[in-house]
Amino acid sequence: MVPDFTACAGAAGRRKSTHLTPLSSLPQYRFILYLSGRNAVPGQSPKTFGWARVAPNVILLGLVSLFTDISSEMVNAVLPLYLTMILRFTPLQFGFVDGLQHGVTALLRTASGVAADKGQRHKGIAATGYGLAAVGKAVLLVAGTAPVVVALILDRIGKGIRTAPRDALISHSTAPGRVAEAFGVHRMLDTAGALLGPVLAFLLLALVPGRFDAIFVTSLSAAVIGLAVLFLFVENRRAPGVQLGSAGATARAALALLGRSGFGVLVVAGAALSLATISDNFVYLTFQRRSDLDPRFFPLLYVGTALVYLLLAVPAGRAADRIGHRWIYLAGNLLLLAAYLVLLVPAPGLMELAGCLTLLGGYYAATDGVLMALASTMLPRPLVATGLSLLTTATALMRFAGAVAFGALWGWRGPEAAVLVFAVALGVAIVAAGALVPRSGQIATP
Amino acid sequence: MKSWRVAFFAVLCVTCVAIPVLYVLSARRAAEGPLPGESPLPVRAPATSSAPPPAPRPIAPSAVPAPAASLKPSHAIVYRYTGVDAGHGKLARGELEAPEAPITFADLRCERVHMVHGGGVCLMTHRRTFPVRHEAVLFDGDFQVRHTLALSGVPSRVKVSPDGRLAAVTVFESGHSYAAAHFSTRTSIIDLARGDFVILDLEKLPVLRGGAPFQAIDLNVWGVTFTASGDRFYATLATGGRTYLVDGDVAKRQMQVLREGVECPSLSPDGTRIAFKRREAGRLTAVTWRLSVVRLDTGEEWALAETRSVDDQVEWLDDATVLYSLPEAASGTPVQNSWAVPADGGGSPRLVMPKAYSLVVVRNAAVGDRGRREPQNEAVGRPERRRVGAGGGS
């Protein structure tokens with residue numbers, strides 16, 4: 001492995017023609033960063049792997065996400081039981097809340113991105129988001145129907161608020177040549193939390209059957225620990241080289257970002273790819289319909305996907321830093337396309353299932369954090385949170401629209417036809433994105 | 001500067017671990033109930049029953065069919081005991097409005113149960129496994145397990161056909177409900193003698209509406225009730241936020257839509273009326289259900305005197321009265337109490353069995369009479385005999 005610093009310097013040296021190149025990715029600036037040790041990563045030796053390469057701030061943010069996800073997912077895992085057994089909710093009500101939160105968080109995401117960039121208060125805004133989720137858990141303890149809806153909405157709103165500033169903070173805490181790896185580490189910890197949460201919840205239900213309050217107390221505790229890590233240890237990082245007064249983050253600046261050819265194209269491409277994405281649940285459901293899979297294994301499908309995601313997040317990030325973010329991002333979408341094709345295999349069996357879950361996990365590993373890394377290196381430093389929030393708003397809305405469209409297609413023509421249509425759409429989107437999405441202005445194999 | 005943070009964090013972590021651990025320990029102690037020689041631990045006082053029933057007397061399975069006096073055939077009741085003590089979740093039997101302590105069975109812990117005299121189905125959840133396993137346990141007239149079938153989700157409803165041949169089981173599919181906010185149900189029909197599924201998923205059957213195929217995505221079927229012969233059934237079909245009453249045929253494997261707005265139907269013993277829950281309230285506030293009855297021949301429909309929201313598939317005590325369960329408090333308690341209300345819309349609800357959920361009126365008077373005298377060997381695996389008197393009060 002070639003030392004990254006040299007590699008990046010060489011690459012940026014060759015490619016600094018793009019007007020989007022952020023200051024920090026210029027070789028001379030990065031060299032200063034490296035010497036000052038502020039954003040640089042210890043362990044430049046080619047043999048150094050693992051944690052030491054990633055900034056402590058990123059690992060701390062990963063731990064915040066880990067605890068928060070334990071907290072959220074342990075509640076989500078038992079929520080259907082709780083709502084139906086204790087509170088007597090209907091699917092319709094739940095669906096309504098689900099739809100509502102999509103709309104509300106879309107607006108909040110953008111607002112929180114702008115707010116975080118204004119004055120570079122990433123930590124403060126992210127803390128508001130994590131705090132709201134914790135408040136939601138506290139509300140759950142005072143059970144009753146209305147509080148559950150409030151808690152769910154608070155949790156989702158919190159997620160909408162915290163995502164962009166947190167990802168900007170990850171980006172600002174990391175040397176540009178390693179952004180995708182840093183996102184990979186964060187997503188790995190995040191997914192680990194999402195896996196541990198349900199395990200903990202079912203362990204608790206095994207210990208004290210029917211006592212959902214025990215789960216809520218534990219969930220609140222995990223949320224408080226996550227919040228404490230954020231408050232006590234995570235450092236707020238301004239975008240390198242940005243003076244407070246100079247940050248011109250406004251709604252107008254956010255719109256102007258879209259006008260910038262490179263980033264605008266990325267948002268459109270990301271949105272198009274998201275629109276052609278079949279949501280996990282529909283993938284699992286399609287598989288189950290086509291294979292007569294033993295329904296007992298159904299919950300394990302999610303676990304399998306998450307496990308692959310967790311294992312591949314960091315390697316995919318590293319690969320993205322070396323080969324180029326957009327290539328890995330596109331390769332990830334090709335994995336998704338391959339997963340669709342597996343779904344269309346006649347009479348799929350256990351091998352196909354394993355293949356499908358691996359492809360799906362790989363898709364998440366190669367796209368989720370990598371897209372953020374790609375975008376954050378394209379954006380002007382003072383507006384990273386704003387830009388990321390725009391991008392996640394677009395992809396989240398399109399994902400939702402895609403799910404609705406897939407459901408409608410399924411009802412109209414059946415699952416096979418729906419998958420086929422989505423496969424064609426995804427193929428077209430990948431080709432178009434491959435042709436149009438610009439490089440991130442850095443990084444290539446030397 | 002940094003050291004006080006670490007110290008503060010350490011204290012916070014210890015607190016945040018200690019609180020859930022202590023909470024769970026205390027919850028476990030409360031659930032374990034009184035140990036021999038100890039005074040009973042305080043449990044939630046019942047809000048509705050006049051006199052708190054004493055702790056259950058566990059009895060050995062061999063002694064199951066209880067003293068003869070308590071087994072009046074028409075009113076023999078089996079249910080899930082929901083008191084917060086060692087007997088929680090166990091099958092129990094007793095009489096309506098009888099003040100004595102509930103008698104719980106040793107072996108079966110059922111989330112939901114239904115049976116006739118010859119046997120029935122107990123829906124079980126094994127909470128000590130991961131992932132949690134759900135099973136339909138088919139038992140005979142002596143409550144001995146004959147077959148065990150794996151279920152794909154959280155148990156919700158079960159009804160055995162009056163002739164004892166078939167059972168219908170509804171579960172919430174945990175898989176669908178995990179990441180997305182939507183959950184869905186699966187309803188299967190089981191042959192009790194063979195111990196296997198006859199129809200794995202009712203929602204895959206063709207559905208007719210006014211003679212034409214009724215197609216929809218996100219179709220859900222739940223809450224089956226069988227006719228006396230067991231060949232036909234009624235059930236709830238839901239799609240696009242609406243619920244319908246469907247009439248299904250087991251042999252022909254098809255269903256047809258009868259009317260809208262019926263959830264969790266339960267056919268009266270004489271086969272003329274269906275008791276159900278009617279959805280009353282809106283989308284953001286909690287849905288409430290009003291117990292109602294509809295005549296099958298005229299379509300005439302009326303609400304019952306129970307004004308609280310009931311989410312249950314009711315059980316008919318006889319042709320004049322329905323039984324159902326309600327949680328003891330608005331939330332946070334696993335305790336359910338069972339109530340009765342007249343089926344004609346008059347009268348008022350009365351508490352008939354505290355701490356009882358999933359009440360079953362164990363029908364079949366002929367077998368029941370015999371069962372009183374020689375309980376161990378009767379009514380096992382003889383469906384012809386069990387058909388005698390099927391349909392209870394009819």
# chains A, B, ... in the order shown; residues from 1 in each chain; ligands from 1
call {"tool": "select_by_dssp", "arguments": {"residues": "range 150-359 of chain B", "states": "alpha helix (DSSP H)", "output": "PyMOL selection string"}}
result
chain B and resi 174-177
call {"tool": "write_last_selection", "arguments": {"atoms": "C-alpha atoms", "output": "compact mmCIF listing (two decimals), in the first residue's frame"}}
result
# COMPACT_ATOMS: atom_id res chain seq x y z
CA SER B 174 -42.43 -10.07 12.59
CA GLY B 175 -40.38 -9.99 9.42
CA HIS B 176 -42.52 -7.45 7.69
CA SER B 177 -42.59 -5.27 10.72
call {"tool": "atom_distance", "arguments": {"atom1": "CA of Asp117 in chain A", "atom2": "CA of Tyr329 in chain A"}}
result
25.7 Å
call {"tool": "closest_residue", "arguments": {"among": "B:Trp289, B:Phe139, B:Trp302, B:Tyr234", "to": "chain A", "atoms": "only C-alpha atoms"}}
result
B:Trp289
call {"tool": "closest_residue", "arguments": {"among": "B:Ile77, B:Val335, B:Ile103, B:Ala136", "to": "chain A", "atoms": "only C-alpha atoms"}}
result
B:Val335
call {"tool": "residues_around", "arguments": {"residues": "Ile59 in chain A", "least_positions_apart": "2", "cutoff": "10 Å", "atoms": "only C-alpha atoms", "output": "PyMOL selection string"}}
result
chain A and resi 51-52+54-57+61-65+170+182-183+185-186+189+234
call {"tool": "write_last_selection", "arguments": {"atoms": "N, CA and C atoms", "output": "compact mmCIF listing (two decimals), in the first residue's frame"}}
result
# COMPACT_ATOMS: atom_id res chain seq x y z
N TRP A 51 -8.00 1.09 13.73
CA TRP A 51 -8.52 2.25 14.43
C TRP A 51 -7.57 3.43 14.39
N ALA A 52 -6.28 3.13 14.53
CA ALA A 52 -5.32 4.20 14.70
C ALA A 52 -5.33 5.14 13.50
N VAL A 54 -7.86 6.31 11.96
CA VAL A 54 -9.04 7.16 11.89
C VAL A 54 -9.04 8.15 13.04
N ALA A 55 -9.42 9.38 12.76
CA ALA A 55 -9.41 10.42 13.78
C ALA A 55 -10.29 10.03 14.97
N PRO A 56 -9.82 10.31 16.20
CA PRO A 56 -10.60 9.96 17.39
C PRO A 56 -12.01 10.52 17.33
N ASN A 57 -12.14 11.72 16.76
CA ASN A 57 -13.46 12.35 16.69
C ASN A 57 -14.46 11.46 15.92
N LEU A 61 -17.79 9.81 17.32
CA LEU A 61 -19.10 9.99 16.69
C LEU A 61 -19.72 8.64 16.36
N GLY A 62 -18.86 7.68 15.98
CA GLY A 62 -19.36 6.33 15.73
C GLY A 62 -19.95 5.73 17.00
N LEU A 63 -19.30 5.96 18.13
CA LEU A 63 -19.82 5.43 19.40
C LEU A 63 -21.14 6.10 19.77
N VAL A 64 -21.22 7.42 19.51
CA VAL A 64 -22.49 8.12 19.76
C VAL A 64 -23.60 7.44 18.96
N SER A 65 -23.31 7.17 17.68
CA SER A 65 -24.31 6.52 16.84
C SER A 65 -24.60 5.11 17.32
N ILE A 170 -17.79 14.59 10.61
CA ILE A 170 -16.91 13.48 10.22
C ILE A 170 -15.97 13.95 9.13
N ALA A 182 -13.22 7.04 6.85
CA ALA A 182 -13.80 7.54 8.10
C ALA A 182 -15.31 7.29 8.12
N PHE A 183 -15.97 7.55 7.00
CA PHE A 183 -17.41 7.27 6.94
C PHE A 183 -17.67 5.78 7.11
N VAL A 185 -15.90 3.65 8.89
CA VAL A 185 -15.78 3.31 10.31
C VAL A 185 -17.04 3.75 11.06
N HIS A 186 -17.51 4.97 10.74
CA HIS A 186 -18.70 5.45 11.42
C HIS A 186 -19.90 4.55 11.13
N LEU A 189 -19.81 1.21 13.04
CA LEU A 189 -20.25 1.30 14.43
C LEU A 189 -21.76 1.51 14.51
N VAL A 234 -16.72 14.53 22.06
CA VAL A 234 -16.63 14.91 20.65
C VAL A 234 -16.29 16.40 20.55
call {"tool": "residues_around", "arguments": {"residues": "Val207 in chain B", "least_positions_apart": "6", "cutoff": "7 Å", "atoms": "only C-alpha atoms", "output": "MDAnalysis selection string"}}
result
chainID B and resid 213:214 254:256
call {"tool": "write_last_selection", "arguments": {"atoms": "C-alpha atoms", "output": "short mmCIF file (atom, residue, chain, number, x, y, z; two decimals), in the first residue's frame"}}
result
data_model
loop_
_atom_site.label_atom_id
_atom_site.label_comp_id
_atom_site.auth_asym_id
_atom_site.auth_seq_id
_atom_site.Cartn_x
_atom_site.Cartn_y
_atom_site.Cartn_z
CA PRO B 213 -61.71 -10.94 -8.88
CA PHE B 214 -60.66 -8.55 -6.14
CA GLN B 254 -61.53 -19.11 -2.40
CA MET B 255 -63.06 -16.21 -0.54
CA GLN B 256 -65.69 -13.64 -1.39
#
call {"tool": "residues_around", "arguments": {"residues": "Ser268 in chain B", "least_positions_apart": "4", "cutoff": "10 Å", "atoms": "only C-alpha atoms", "output": "ChimeraX atom specification"}}
result
/B:225-228,272-275,293,295,314-322,343,391-394
call {"tool": "write_last_selection", "arguments": {"atoms": "C-alpha atoms", "output": "PDB file, in the first residue's frame"}}
result
ATOM      1  CA  THR B 225     -64.346 -17.988  12.562  1.00  0.00           C
ATOM      2  CA  PHE B 226     -65.657 -21.330  11.298  1.00  0.00           C
ATOM      3  CA  THR B 227     -69.215 -22.452  10.547  1.00  0.00           C
ATOM      4  CA  ALA B 228     -70.555 -25.450  12.440  1.00  0.00           C
ATOM      5  CA  THR B 272     -77.180 -16.643  12.446  1.00  0.00           C
ATOM      6  CA  ARG B 273     -75.135 -13.676  13.660  1.00  0.00           C
ATOM      7  CA  ILE B 274     -71.582 -12.442  13.671  1.00  0.00           C
ATOM      8  CA  ALA B 275     -70.129 -10.487  16.567  1.00  0.00           C
ATOM      9  CA  VAL B 293     -73.330  -7.733  16.012  1.00  0.00           C
ATOM     10  CA  ARG B 295     -77.425 -10.603  11.370  1.00  0.00           C
ATOM     11  CA  VAL B 314     -65.088 -12.380  21.007  1.00  0.00           C
ATOM     12  CA  GLU B 315     -66.255 -15.782  22.204  1.00  0.00           C
ATOM     13  CA  TRP B 316     -69.966 -16.563  22.384  1.00  0.00           C
ATOM     14  CA  LEU B 317     -70.986 -17.868  25.800  1.00  0.00           C
ATOM     15  CA  ASP B 318     -74.334 -18.968  24.340  1.00  0.00           C
ATOM     16  CA  ASP B 319     -76.634 -17.521  21.716  1.00  0.00           C
ATOM     17  CA  ALA B 320     -77.427 -14.540  23.892  1.00  0.00           C
ATOM     18  CA  THR B 321     -74.107 -13.436  25.407  1.00  0.00           C
ATOM     19  CA  VAL B 322     -70.623 -12.658  24.172  1.00  0.00           C
ATOM     20  CA  ALA B 343     -75.592  -9.842  22.252  1.00  0.00           C
ATOM     21  CA  GLY B 391     -72.467 -25.792  17.293  1.00  0.00           C
ATOM     22  CA  GLY B 392     -73.065 -25.779  21.000  1.00  0.00           C
ATOM     23  CA  GLY B 393     -76.401 -24.294  21.848  1.00  0.00           C
ATOM     24  CA  SER B 394     -78.023 -24.885  18.485  1.00  0.00           C
TER      25      SER B 394
END
call {"tool": "closest_residue", "arguments": {"among": "A:Ala228, A:Leu307, A:Val148, A:Ala338", "to": "Phe8 in chain B", "atoms": "only C-alpha atoms"}}
result
A:Ala228
call {"tool": "residues_around", "arguments": {"residues": "Pro415 in chain A", "least_positions_apart": "5", "cutoff": "8 Å", "atoms": "only C-alpha atoms", "output": "PyMOL selection string"}}
result
chain A and resi 286+409-410
call {"tool": "write_last_selection", "arguments": {"atoms": "N, CA and C atoms", "output": "PDB file, in the first residue's frame"}}
result
ATOM      1  N   THR A 286     -40.252  -9.935  -1.754  1.00  0.00           N
ATOM      2  CA  THR A 286     -40.211 -10.544  -3.079  1.00  0.00           C
ATOM      3  C   THR A 286     -39.540 -11.908  -3.012  1.00  0.00           C
ATOM      4  N   LEU A 409     -46.528  -0.959  -8.662  1.00  0.00           N
ATOM      5  CA  LEU A 409     -46.193  -1.870  -9.763  1.00  0.00           C
ATOM      6  C   LEU A 409     -46.480  -3.314  -9.387  1.00  0.00           C
ATOM      7  N   TRP A 410     -46.142  -3.654  -8.173  1.00  0.00           N
ATOM      8  CA  TRP A 410     -46.375  -5.013  -7.671  1.00  0.00           C
ATOM      9  C   TRP A 410     -47.865  -5.325  -7.734  1.00  0.00           C
TER      10      TRP A 410
END
call {"tool": "closest_residue", "arguments": {"among": "A:Leu132, A:Leu341, A:Val404, A:Ile328", "to": "chain B", "atoms": "only C-alpha atoms"}}
result
A:Val404
call {"tool": "residues_around", "arguments": {"residues": "Ile161 in chain A", "least_positions_apart": "6", "cutoff": "6 Å", "atoms": "only C-alpha atoms", "output": "PyMOL selection string"}}
result
chain A and resi 109+112+129
call {"tool": "atom_distance", "arguments": {"atom1": "CA of Val384 in chain A", "atom2": "CA of Val58 in chain A"}}
result
16.1 Å
call {"tool": "closest_residue", "arguments": {"among": "A:Leu207, A:Ala127, A:Leu285, A:Val142", "to": "Lys159 in chain A", "atoms": "only C-alpha atoms"}}
result
A:Ala127
call {"tool": "atom_distance", "arguments": {"atom1": "CA of Arg186 in chain B", "atom2": "CA of Leu200 in chain B"}}
result
8.4 Å
